[in-house]
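Asks: I have a structure I would like to understand better, so I am pasting it below and will then ask my questions one at a time.
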Amino acid sequence: MDPRRTGHRRILLASVFGALVAVGSPLAGPAATGHASAGTSLREQSDGLLKNVEEMVAHGGMGDAHAIVHHCGEAARHAEGLLTQLAPSDPRAARVMPSLNEVIHHCRRVSELGRHADPGLLLNPAIKARTAARESVKALGVGSGGGS
């Protein structure tokens, strides 16, 4: 099947699902109307974080500074989202917060260096951000391979 057609189908399904959520349809289910557990959102943020750090480093290997900066920005956004979703009383918070802050720190460094920097220069903090992201998702135990 053509990957472009698959992408269009996903967008269409996401749009339909979004419309169902907006009107509060019972077809959308409790997860869509905000009654889902925090684990679902944590899983989505964790998956987004991992996806972006992996793509960031992959683009670094190809010498694409613009993509490194973009994916690092997205990774930092997901890390910040995870930080806001974790309650201080959550037993995982003490293990996860330092590595998420490290992701944000290294991605901020990538952002400061900017898209016009040498991709090799951007790759060092990008790899450190990826390592911290993997560590945080492992500590959360909610990644696609984690299973909570």
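Here, A, B, ... name the chains of the structure tokens in the order displayed, residue numbers run from 1 inside each chain, and ligands are numbered from 1 in the same displayed order.
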Identify all residues of range 103-148 of chain A in alpha helix (DSSP H) (DSSP on the backbone) and supply them as a ChimeraX atom specification.

Replies: /A:103-113,119-140

Asks: Filtering to C-alpha atoms, could you give me those residues as an mmCIF file, in the first residue's frame?

Replies:
data_model
loop_
_atom_site.group_PDB
_atom_site.id
_atom_site.type_symbol
_atom_site.label_atom_id
_atom_site.label_comp_id
_atom_site.auth_asym_id
_atom_site.auth_seq_id
_atom_site.Cartn_x
_atom_site.Cartn_y
_atom_site.Cartn_z
ATOM 1 C CA VAL A 103 16.479 16.266 28.266
ATOM 2 C CA ILE A 104 15.191 19.828 28.485
ATOM 3 C CA HIS A 105 18.660 21.174 29.348
ATOM 4 C CA HIS A 106 20.407 19.456 26.437
ATOM 5 C CA CYS A 107 17.652 20.374 23.979
ATOM 6 C CA ARG A 108 17.875 23.977 25.127
ATOM 7 C CA ARG A 109 21.583 23.814 24.302
ATOM 8 C CA VAL A 110 20.789 22.462 20.821
ATOM 9 C CA SER A 111 18.305 25.278 20.355
ATOM 10 C CA GLU A 112 20.858 27.891 21.461
ATOM 11 C CA LEU A 113 23.418 26.559 18.985
ATOM 12 C CA PRO A 119 25.387 19.170 12.691
ATOM 13 C CA GLY A 120 28.315 17.411 14.355
ATOM 14 C CA LEU A 121 28.307 20.080 17.055
ATOM 15 C CA LEU A 122 24.569 19.603 17.589
ATOM 16 C CA LEU A 123 24.865 15.843 17.748
ATOM 17 C CA ASN A 124 26.706 15.691 21.090
ATOM 18 C CA PRO A 125 23.954 17.348 23.189
ATOM 19 C CA ALA A 126 21.333 15.573 21.060
ATOM 20 C CA ILE A 127 22.777 12.173 21.976
ATOM 21 C CA LYS A 128 22.890 13.187 25.644
ATOM 22 C CA ALA A 129 19.219 14.215 25.411
ATOM 23 C CA ARG A 130 18.350 10.860 23.815
ATOM 24 C CA THR A 131 20.142 8.967 26.591
ATOM 25 C CA ALA A 132 18.303 10.959 29.263
ATOM 26 C CA ALA A 133 14.983 10.442 27.467
ATOM 27 C CA ARG A 134 15.477 6.675 27.306
ATOM 28 C CA GLU A 135 16.385 6.655 30.988
ATOM 29 C CA SER A 136 13.275 8.621 31.971
ATOM 30 C CA VAL A 137 10.906 6.457 29.931
ATOM 31 C CA LYS A 138 12.472 3.325 31.392
ATOM 32 C CA ALA A 139 11.999 4.721 34.906
ATOM 33 C CA LEU A 140 8.372 5.585 34.131
#

Asks: Interatomic distance between CA of Leu83 in chain A and CA of Leu100 in chain A?

Replies: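 So the answer is 7.2 Å.
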
Asks: Grab the CA of Asp64 in chain A to CA of Leu82 in chain A distance for me, in Å with one decimal place.

Replies: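 Going from CA of Asp64 in chain A over to CA of Leu82 in chain A covers 27.1 Å.
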